[in-house]
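Dropping model.cif in here (mmCIF, C-alpha atoms):
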```
data_my_file
loop_
_atom_site.label_atom_id
_atom_site.label_comp_id
_atom_site.auth_asym_id
_atom_site.auth_seq_id
_atom_site.Cartn_x
_atom_site.Cartn_y
_atom_site.Cartn_z
CA MET A 1 41.99 -39.94 -96.94
CA THR A 2 41.85 -43.61 -96.08
CA ALA A 3 43.57 -46.33 -98.07
CA GLY A 4 40.17 -47.58 -99.27
CA THR A 5 39.18 -44.14 -100.50
CA ALA A 6 42.46 -43.71 -102.33
CA ALA A 7 42.08 -47.09 -103.99
CA ALA A 8 38.52 -46.26 -105.03
CA GLY A 9 39.73 -43.05 -106.68
CA ALA A 10 42.70 -44.74 -108.37
CA GLY A 11 40.49 -46.92 -110.57
CA PRO A 12 38.57 -44.07 -112.24
CA VAL A 13 41.76 -42.04 -112.70
CA ALA A 14 43.46 -45.05 -114.30
CA ALA A 15 40.46 -45.44 -116.62
CA LEU A 16 40.71 -41.81 -117.71
CA LEU A 17 44.46 -42.14 -118.23
CA PHE A 18 43.82 -45.18 -120.40
CA ASN A 19 41.39 -43.18 -122.52
CA ALA A 20 43.85 -40.30 -122.86
CA PHE A 21 46.66 -42.72 -123.72
CA VAL A 22 44.65 -44.42 -126.47
CA TRP A 23 43.80 -41.09 -128.13
CA GLY A 24 47.26 -39.66 -127.52
CA VAL A 25 49.08 -42.47 -129.33
CA SER A 26 46.34 -43.27 -131.89
CA TRP A 27 48.41 -41.47 -134.54
CA TRP A 28 50.87 -44.39 -134.67
CA PRO A 29 48.44 -47.21 -135.64
CA LEU A 30 46.67 -44.79 -138.01
CA ARG A 31 49.97 -44.16 -139.79
CA TRP A 32 50.63 -47.89 -139.85
CA LEU A 33 47.24 -48.48 -141.46
CA GLN A 34 48.00 -45.79 -144.04
CA ALA A 35 51.26 -47.59 -144.85
CA GLN A 36 49.13 -50.69 -145.51
CA GLY A 37 47.12 -48.68 -148.07
CA LEU A 38 44.19 -47.68 -145.84
CA HIS A 39 43.65 -43.90 -145.81
CA PRO A 40 42.83 -42.49 -142.33
CA LEU A 41 39.33 -41.48 -143.50
CA TRP A 42 38.54 -45.05 -144.52
CA ALA A 43 40.15 -46.29 -141.32
CA THR A 44 37.97 -43.96 -139.24
CA MET A 45 34.87 -45.19 -141.06
CA LEU A 46 35.68 -48.85 -140.33
CA ILE A 47 36.67 -48.20 -136.71
CA PHE A 48 33.41 -46.41 -135.94
CA LEU A 49 31.28 -48.86 -137.93
CA LEU A 50 32.42 -51.57 -135.56
CA ALA A 51 31.38 -49.47 -132.58
CA VAL A 52 27.99 -48.75 -134.22
CA ALA A 53 27.43 -52.47 -134.75
CA LEU A 54 28.21 -53.27 -131.11
CA ILE A 55 25.96 -50.46 -129.80
CA THR A 56 23.16 -51.67 -132.10
CA LEU A 57 23.44 -55.17 -130.67
CA ALA A 58 23.47 -53.91 -127.10
CA ARG A 59 20.86 -51.10 -127.46
CA PRO A 60 18.79 -51.62 -130.63
CA GLY A 61 16.19 -49.10 -129.43
CA SER A 62 18.75 -46.29 -129.60
CA TRP A 63 18.20 -46.04 -133.39
CA ALA A 64 14.55 -45.07 -132.88
CA GLN A 65 15.59 -42.50 -130.26
CA LEU A 66 18.13 -41.03 -132.66
CA ALA A 67 15.67 -40.95 -135.58
CA ARG A 68 13.02 -39.00 -133.67
CA THR A 69 15.46 -36.48 -132.16
CA PRO A 70 16.59 -34.02 -134.90
CA PRO A 71 18.95 -32.08 -132.55
CA LEU A 72 21.04 -35.26 -132.27
CA TRP A 73 21.54 -35.19 -136.04
CA VAL A 74 23.64 -32.06 -135.59
CA LEU A 75 25.69 -34.04 -133.07
CA VAL A 76 26.22 -36.66 -135.77
CA ILE A 77 27.81 -34.04 -138.03
CA ALA A 78 29.88 -32.37 -135.29
CA SER A 79 31.22 -35.62 -133.86
CA GLY A 80 31.89 -37.06 -137.28
CA THR A 81 33.82 -34.00 -138.42
CA THR A 82 35.83 -34.01 -135.19
CA ASN A 83 37.01 -37.58 -135.61
CA ALA A 84 37.61 -37.34 -139.34
CA ALA A 85 39.70 -34.16 -138.95
CA PHE A 86 41.69 -35.33 -135.92
CA ASN A 87 42.52 -38.79 -137.28
CA TRP A 88 43.48 -37.43 -140.69
CA GLY A 89 45.47 -34.58 -139.17
CA VAL A 90 47.64 -36.68 -136.84
CA THR A 91 48.31 -39.11 -139.68
CA ILE A 92 49.72 -36.57 -142.13
CA GLY A 93 50.87 -33.64 -139.96
CA ASP A 94 53.29 -32.87 -137.16
CA VAL A 95 51.56 -34.74 -134.32
CA VAL A 96 52.35 -32.26 -131.54
CA ARG A 97 51.21 -29.25 -133.60
CA VAL A 98 47.98 -30.97 -134.61
CA VAL A 99 47.15 -32.04 -131.05
CA LEU A 100 47.92 -28.60 -129.62
CA LEU A 101 45.78 -26.86 -132.24
CA PHE A 102 43.04 -29.37 -131.50
CA TYR A 103 43.24 -28.34 -127.85
CA LEU A 104 42.26 -24.76 -128.66
CA MET A 105 38.89 -25.94 -127.36
CA PRO A 106 38.74 -23.28 -124.58
CA LEU A 107 38.71 -20.57 -127.26
CA TRP A 108 35.97 -22.19 -129.33
CA ALA A 109 33.99 -23.31 -126.28
CA VAL A 110 33.71 -19.74 -124.97
CA LEU A 111 32.52 -18.42 -128.34
CA LEU A 112 30.09 -21.28 -128.98
CA ALA A 113 28.67 -21.16 -125.45
CA ARG A 114 28.00 -17.46 -126.01
CA LEU A 115 26.27 -18.08 -129.35
CA LEU A 116 24.39 -21.31 -128.61
CA LEU A 117 23.84 -21.27 -124.85
CA GLY A 118 23.65 -17.53 -124.24
CA GLU A 119 26.46 -17.61 -121.64
CA ARG A 120 28.00 -14.23 -120.84
CA LEU A 121 31.65 -13.55 -121.65
CA SER A 122 33.27 -13.12 -118.23
CA ALA A 123 36.67 -11.62 -117.46
CA ALA A 124 38.04 -15.10 -116.73
CA ALA A 125 36.76 -16.35 -120.09
CA ALA A 126 38.43 -13.42 -121.84
CA VAL A 127 41.74 -14.34 -120.19
CA ARG A 128 41.40 -17.93 -121.42
CA VAL A 129 40.65 -16.73 -124.94
CA ALA A 130 43.72 -14.45 -124.88
CA LEU A 131 45.97 -17.29 -123.67
CA ALA A 132 44.64 -19.67 -126.31
CA LEU A 133 45.09 -17.11 -129.09
CA ALA A 134 48.63 -16.31 -127.97
CA GLY A 135 49.47 -20.00 -127.87
CA ALA A 136 48.01 -20.57 -131.33
CA ALA A 137 50.01 -17.64 -132.69
CA LEU A 138 53.25 -19.16 -131.37
CA VAL A 139 52.43 -22.61 -132.74
CA LEU A 140 51.37 -21.34 -136.17
CA ARG A 141 53.95 -18.60 -136.71
CA PRO A 142 56.48 -19.68 -139.36
CA GLU A 143 60.12 -19.88 -138.25
CA GLY A 144 61.13 -17.27 -140.80
CA GLY A 145 58.37 -14.89 -139.76
CA GLY A 146 54.99 -14.16 -141.26
CA TRP A 147 51.35 -14.44 -140.35
CA PRO A 148 50.38 -17.14 -137.81
CA LEU A 149 48.07 -19.03 -140.15
CA PRO A 150 47.71 -22.73 -140.96
CA HIS A 151 50.41 -23.53 -143.51
CA THR A 152 49.78 -27.26 -143.87
CA LEU A 153 46.71 -29.47 -144.22
CA GLY A 154 47.59 -31.05 -140.88
CA ASP A 155 47.43 -27.67 -139.12
CA ALA A 156 44.08 -26.87 -140.75
CA LEU A 157 42.66 -30.24 -139.75
CA GLY A 158 43.82 -29.76 -136.15
CA LEU A 159 42.04 -26.39 -135.98
CA ALA A 160 38.88 -27.74 -137.61
CA GLY A 161 38.81 -30.79 -135.35
CA GLY A 162 39.20 -28.68 -132.21
CA PHE A 163 36.39 -26.34 -133.26
CA THR A 164 33.95 -29.15 -134.01
CA PHE A 165 34.97 -30.93 -130.78
CA ALA A 166 34.04 -27.81 -128.81
CA LEU A 167 30.75 -27.72 -130.75
CA ASN A 168 30.29 -31.40 -129.95
CA ASN A 169 30.69 -30.70 -126.22
CA VAL A 170 28.27 -27.76 -126.29
CA LEU A 171 25.70 -29.89 -128.11
CA LEU A 172 26.11 -32.67 -125.56
CA ARG A 173 25.34 -30.16 -122.81
CA ARG A 174 22.21 -29.06 -124.65
CA GLN A 175 21.12 -32.68 -125.16
CA ALA A 176 22.09 -34.00 -121.73
CA HIS A 177 18.46 -35.03 -121.13
CA GLN A 178 18.55 -37.49 -124.05
CA PRO A 179 19.25 -41.19 -123.37
CA GLN A 180 22.96 -41.93 -123.15
CA ALA A 181 22.77 -44.74 -125.71
CA ALA A 182 21.19 -42.41 -128.29
CA ARG A 183 23.87 -39.78 -127.74
CA ALA A 184 26.64 -42.37 -128.00
CA LEU A 185 25.10 -43.81 -131.16
CA ALA A 186 24.91 -40.34 -132.71
CA MET A 187 28.60 -39.76 -132.04
CA PHE A 188 29.74 -43.11 -133.44
CA VAL A 189 27.41 -42.93 -136.46
CA GLY A 190 28.87 -39.50 -137.17
CA GLY A 191 32.41 -40.84 -137.07
CA ALA A 192 31.51 -43.50 -139.65
CA VAL A 193 29.21 -41.52 -141.95
CA VAL A 194 31.12 -38.23 -142.18
CA SER A 195 34.43 -40.01 -142.80
CA ALA A 196 32.88 -42.18 -145.50
CA LEU A 197 31.18 -39.28 -147.30
CA LEU A 198 34.32 -37.15 -147.14
CA ALA A 199 36.47 -40.02 -148.43
CA LEU A 200 34.07 -40.66 -151.32
CA ALA A 201 33.94 -36.96 -152.26
CA LEU A 202 37.73 -36.58 -152.17
CA GLN A 203 38.22 -39.86 -153.99
CA ARG A 204 36.37 -38.38 -156.98
CA GLN A 205 38.95 -35.58 -156.98
CA ALA A 206 41.78 -38.14 -156.74
CA TRP A 207 42.81 -36.68 -153.36
CA VAL A 208 42.00 -39.87 -151.44
CA PRO A 209 42.73 -43.37 -152.74
CA PRO A 210 39.83 -45.84 -152.92
CA LEU A 211 39.18 -48.38 -150.20
CA PRO A 212 41.79 -51.10 -150.80
CA ALA A 213 40.98 -54.72 -151.44
CA PRO A 214 40.49 -56.68 -148.20
CA ALA A 215 43.79 -57.80 -146.69
CA ALA A 216 44.38 -59.52 -143.38
CA PRO A 217 46.89 -56.96 -141.94
CA TRP A 218 44.78 -53.81 -142.28
CA LEU A 219 41.50 -55.59 -141.52
CA ALA A 220 42.95 -56.91 -138.27
CA GLY A 221 44.46 -53.51 -137.46
CA ALA A 222 41.20 -51.64 -138.09
CA CYS A 223 39.20 -54.12 -135.99
CA GLY A 224 41.76 -53.90 -133.21
CA MET A 225 41.58 -50.11 -133.21
CA GLY A 226 37.78 -50.25 -133.21
CA LEU A 227 37.76 -52.43 -130.11
CA LEU A 228 40.42 -50.27 -128.48
CA PHE A 229 38.50 -47.04 -129.14
CA LEU A 230 35.30 -48.59 -127.80
CA ALA A 231 37.14 -49.75 -124.68
CA SER A 232 38.59 -46.27 -124.21
CA ASN A 233 35.11 -44.76 -124.53
CA LEU A 234 33.77 -47.13 -121.87
CA ALA A 235 36.75 -46.24 -119.68
CA LEU A 236 35.97 -42.56 -120.12
CA GLN A 237 32.35 -43.10 -119.10
CA TYR A 238 33.42 -45.16 -116.08
CA GLY A 239 35.94 -42.61 -114.87
CA ALA A 240 33.88 -39.50 -115.60
CA ALA A 241 30.89 -40.93 -113.75
CA ARG A 242 32.94 -41.40 -110.56
CA LEU A 243 35.08 -38.26 -110.46
CA ALA A 244 34.38 -34.56 -110.31
CA ALA A 245 34.20 -32.88 -113.73
CA SER A 246 37.23 -30.74 -112.84
CA VAL A 247 39.34 -33.81 -112.04
CA THR A 248 38.21 -35.52 -115.25
CA ALA A 249 39.21 -32.52 -117.36
CA VAL A 250 42.65 -32.25 -115.75
CA VAL A 251 43.40 -35.95 -116.31
CA MET A 252 42.21 -35.79 -119.92
CA VAL A 253 44.72 -33.02 -120.73
CA SER A 254 47.37 -35.74 -120.29
CA GLU A 255 46.51 -36.72 -123.87
CA VAL A 256 48.78 -33.86 -124.95
CA LEU A 257 51.62 -35.38 -122.93
CA PHE A 258 51.12 -38.88 -124.35
CA ALA A 259 50.95 -37.53 -127.90
CA SER A 260 53.98 -35.27 -127.49
CA VAL A 261 56.28 -37.83 -125.87
CA SER A 262 55.38 -40.60 -128.32
CA ALA A 263 55.62 -38.33 -131.37
CA VAL A 264 59.00 -36.86 -130.41
CA ALA A 265 60.38 -40.30 -129.50
CA LEU A 266 59.29 -41.80 -132.82
CA GLY A 267 60.22 -38.81 -134.98
CA ALA A 268 56.69 -37.67 -135.84
CA ALA A 269 57.18 -34.15 -134.46
CA GLN A 270 59.77 -31.38 -134.60
CA PRO A 271 60.13 -29.85 -131.11
CA SER A 272 61.02 -26.16 -130.81
CA VAL A 273 60.99 -23.40 -128.21
CA ALA A 274 58.04 -21.69 -129.94
CA LEU A 275 56.08 -24.92 -130.02
CA ALA A 276 56.76 -25.56 -126.33
CA GLY A 277 55.78 -22.00 -125.41
CA GLY A 278 52.62 -22.10 -127.48
CA GLY A 279 51.74 -25.49 -126.04
CA ALA A 280 52.16 -24.21 -122.50
CA LEU A 281 49.77 -21.31 -123.18
CA ILE A 282 47.16 -23.55 -124.83
CA VAL A 283 47.30 -26.15 -122.06
CA GLY A 284 47.24 -23.34 -119.49
CA ALA A 285 44.02 -22.01 -121.04
CA ALA A 286 42.51 -25.50 -120.85
CA LEU A 287 43.49 -25.84 -117.19
CA LEU A 288 42.07 -22.43 -116.36
CA ALA A 289 38.78 -23.59 -117.86
CA VAL A 290 38.94 -26.53 -115.47
CA LEU A 291 39.63 -24.31 -112.45
CA ARG A 292 36.57 -22.22 -113.33
CA ARG A 293 34.46 -25.29 -112.63
#
```
For the structure just supplied, provide its representation as structure tokens.
Amino acid sequence: MTAGTAAAGAGPVAALLFNAFVWGVSWWPLRWLQAQGLHPLWATMLIFLLAVALITLARPGSWAQLARTPPLWVLVIASGTTNAAFNWGVTIGDVVRVVLLFYLMPLWAVLLARLLLGERLSAAAAVRVALALAGAALVLRPEGGGWPLPHTLGDALGLAGGFTFALNNVLLRRQAHQPQAARALAMFVGGAVVSALLALALQRQAWVPPLPAPAAPWLAGACGMGLLFLASNLALQYGAARLAASVTAVVMVSEVLFASVSAVALGAAQPSVALAGGGALIVGAALLAVLRR
């Protein structure tokens, strides 16, 4: 490999690492916003509304494409649920546990691809499913023994977010022929709409506080996160368009590393041997899915 080739590959990899870093440490500003009185569901709504506004300005025709393409409406729901569950989960739960449970995507992807795309369950896919299930059992099993089930809202949100993220990816594969702007708009609209509807519904049950009165600190923080998330999305598109899909997937798994290191360093996670073992199995399943490609 020449020096020029290496330099050309370094840029896309750096872009993907930036994207993984933003998502891996997003729990910290979300918790800061919650301390300012802004619930993570409201924060997610505002963050994605900003992205929707910018996409509308840049590609106003994408709204018409979205309106006349009903399959993209399912993407709105899947993407919105993914972001609402992940952002809420990492704000209230053990960050490492939530991120690892979110990364059970290989398990859900195999099952959804079988149901929605008609893909056959191969021996390699069965191995990935077994690894992911074993990892989940280690992560979810209580220290005192018992069934490996979600015991906190954070755990449940991590599982739900991972499932809908796998559904999101399968739907993107089915709608790959649609214009990119329409697909991006569907995903960002989902993040705003689903979070807002869920926050309103839970607010009526007094489970989520109302949207606080405007205040400079949280308004600036939400706008900053919106711009950062949009930049990370553009970085993902830049890197993924210039690297093989297998390389992109490997680099993106570094989100687990960024989340784990930052959470342990800042006291937002409780490391244990079982958690490390379960994490290794879950990440191993994800990497095996990459090697298949």
What is the atom CA of A:Ile55-atom CA of A:Leu185 distance in Å, reported with one decimal?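 About the pair atom CA of A:Ile55 and atom CA of A:Leu185: they are 6.8 Å apart.
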Which residue, A:Arg183, A:Arg97, A:Arg128, A:His177, has the smallest gap to A:Leu75 when you use only C-alpha atoms?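 Result for the nearest residue to A:Leu75: A:Arg183.
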Smallest atom-to-atom distance to A:Gly191: which of A:Ala269, A:Ala43, A:Leu33, A:Leu287, using all atoms listed in the file?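 Counting all atoms listed in the file, the residue closest to A:Gly191 is A:Ala43.
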I'd like the neighbourhood of A:Asn83 as a PDB file with C-alpha atoms, in the coordinates of the input, where a residue qualifies if any of its atoms comes within 10 Å (using only C-alpha atoms), though same-chain residues fewer than 4 positions away should be ignored.
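As written to disk, result07.pdb reads:
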```
ATOM      1  CA  LEU A  41      39.330 -41.480-143.500  1.00  0.00           C
ATOM      2  CA  THR A  44      37.970 -43.960-139.240  1.00  0.00           C
ATOM      3  CA  MET A  45      34.870 -45.190-141.060  1.00  0.00           C
ATOM      4  CA  PHE A  48      33.410 -46.410-135.940  1.00  0.00           C
ATOM      5  CA  ALA A  78      29.880 -32.370-135.290  1.00  0.00           C
ATOM      6  CA  SER A  79      31.220 -35.620-133.860  1.00  0.00           C
ATOM      7  CA  ASN A  87      42.520 -38.790-137.280  1.00  0.00           C
ATOM      8  CA  TRP A  88      43.480 -37.430-140.690  1.00  0.00           C
ATOM      9  CA  GLY A  89      45.470 -34.580-139.170  1.00  0.00           C
ATOM     10  CA  GLY A 161      38.810 -30.790-135.350  1.00  0.00           C
ATOM     11  CA  GLY A 162      39.200 -28.680-132.210  1.00  0.00           C
ATOM     12  CA  THR A 164      33.950 -29.150-134.010  1.00  0.00           C
ATOM     13  CA  PHE A 165      34.970 -30.930-130.780  1.00  0.00           C
ATOM     14  CA  MET A 187      28.600 -39.760-132.040  1.00  0.00           C
ATOM     15  CA  PHE A 188      29.740 -43.110-133.440  1.00  0.00           C
ATOM     16  CA  GLY A 190      28.870 -39.500-137.170  1.00  0.00           C
ATOM     17  CA  GLY A 191      32.410 -40.840-137.070  1.00  0.00           C
ATOM     18  CA  ALA A 192      31.510 -43.500-139.650  1.00  0.00           C
ATOM     19  CA  VAL A 194      31.120 -38.230-142.180  1.00  0.00           C
ATOM     20  CA  SER A 195      34.430 -40.010-142.800  1.00  0.00           C
TER      21      SER A 195
END
```
Under the PyMOL selection byres ((chain A and resi 174) around 12), which residues of this model are included? Write them out as a PyMOL selection string. chain A and resi 71-72+74-75+112-113+116-118+167-173+175-178+183
Next, dump the selected residues to file, keeping only C-alpha atoms, as a JSON list (two decimals), in the coordinates of the input.
```json
[["chain", "number", "residue", "atom", "x", "y", "z"],
["A", 71, "PRO", "CA", 18.95, -32.08, -132.55],
["A", 72, "LEU", "CA", 21.04, -35.26, -132.27],
["A", 74, "VAL", "CA", 23.64, -32.06, -135.59],
["A", 75, "LEU", "CA", 25.69, -34.04, -133.07],
["A", 112, "LEU", "CA", 30.09, -21.28, -128.98],
["A", 113, "ALA", "CA", 28.67, -21.16, -125.45],
["A", 116, "LEU", "CA", 24.39, -21.31, -128.61],
["A", 117, "LEU", "CA", 23.84, -21.27, -124.85],
["A", 118, "GLY", "CA", 23.65, -17.53, -124.24],
["A", 167, "LEU", "CA", 30.75, -27.72, -130.75],
["A", 168, "ASN", "CA", 30.29, -31.40, -129.95],
["A", 169, "ASN", "CA", 30.69, -30.70, -126.22],
["A", 170, "VAL", "CA", 28.27, -27.76, -126.29],
["A", 171, "LEU", "CA", 25.70, -29.89, -128.11],
["A", 172, "LEU", "CA", 26.11, -32.67, -125.56],
["A", 173, "ARG", "CA", 25.34, -30.16, -122.81],
["A", 175, "GLN", "CA", 21.12, -32.68, -125.16],
["A", 176, "ALA", "CA", 22.09, -34.00, -121.73],
["A", 177, "HIS", "CA", 18.46, -35.03, -121.13],
["A", 178, "GLN", "CA", 18.55, -37.49, -124.05],
["A", 183, "ARG", "CA", 23.87, -39.78, -127.74]]
```
Evaluate the PyMOL selection byres ((chain A and resi 218) around 10) and record the selected residues as a PyMOL selection string, following the chain and residue labels used in the document. chain A and resi 32-38+43+212-217+219-224
File dump, residues just selected, C-alpha atoms, as an mmCIF file, in the coordinates of the input:
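Once everything was written out, this is again20.cif:
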```
data_model
loop_
_atom_site.group_PDB
_atom_site.id
_atom_site.type_symbol
_atom_site.label_atom_id
_atom_site.label_comp_id
_atom_site.auth_asym_id
_atom_site.auth_seq_id
_atom_site.Cartn_x
_atom_site.Cartn_y
_atom_site.Cartn_z
ATOM 1 C CA TRP A 32 50.630 -47.890 -139.850
ATOM 2 C CA LEU A 33 47.240 -48.480 -141.460
ATOM 3 C CA GLN A 34 48.000 -45.790 -144.040
ATOM 4 C CA ALA A 35 51.260 -47.590 -144.850
ATOM 5 C CA GLN A 36 49.130 -50.690 -145.510
ATOM 6 C CA GLY A 37 47.120 -48.680 -148.070
ATOM 7 C CA LEU A 38 44.190 -47.680 -145.840
ATOM 8 C CA ALA A 43 40.150 -46.290 -141.320
ATOM 9 C CA PRO A 212 41.790 -51.100 -150.800
ATOM 10 C CA ALA A 213 40.980 -54.720 -151.440
ATOM 11 C CA PRO A 214 40.490 -56.680 -148.200
ATOM 12 C CA ALA A 215 43.790 -57.800 -146.690
ATOM 13 C CA ALA A 216 44.380 -59.520 -143.380
ATOM 14 C CA PRO A 217 46.890 -56.960 -141.940
ATOM 15 C CA LEU A 219 41.500 -55.590 -141.520
ATOM 16 C CA ALA A 220 42.950 -56.910 -138.270
ATOM 17 C CA GLY A 221 44.460 -53.510 -137.460
ATOM 18 C CA ALA A 222 41.200 -51.640 -138.090
ATOM 19 C CA CYS A 223 39.200 -54.120 -135.990
ATOM 20 C CA GLY A 224 41.760 -53.900 -133.210
#
```
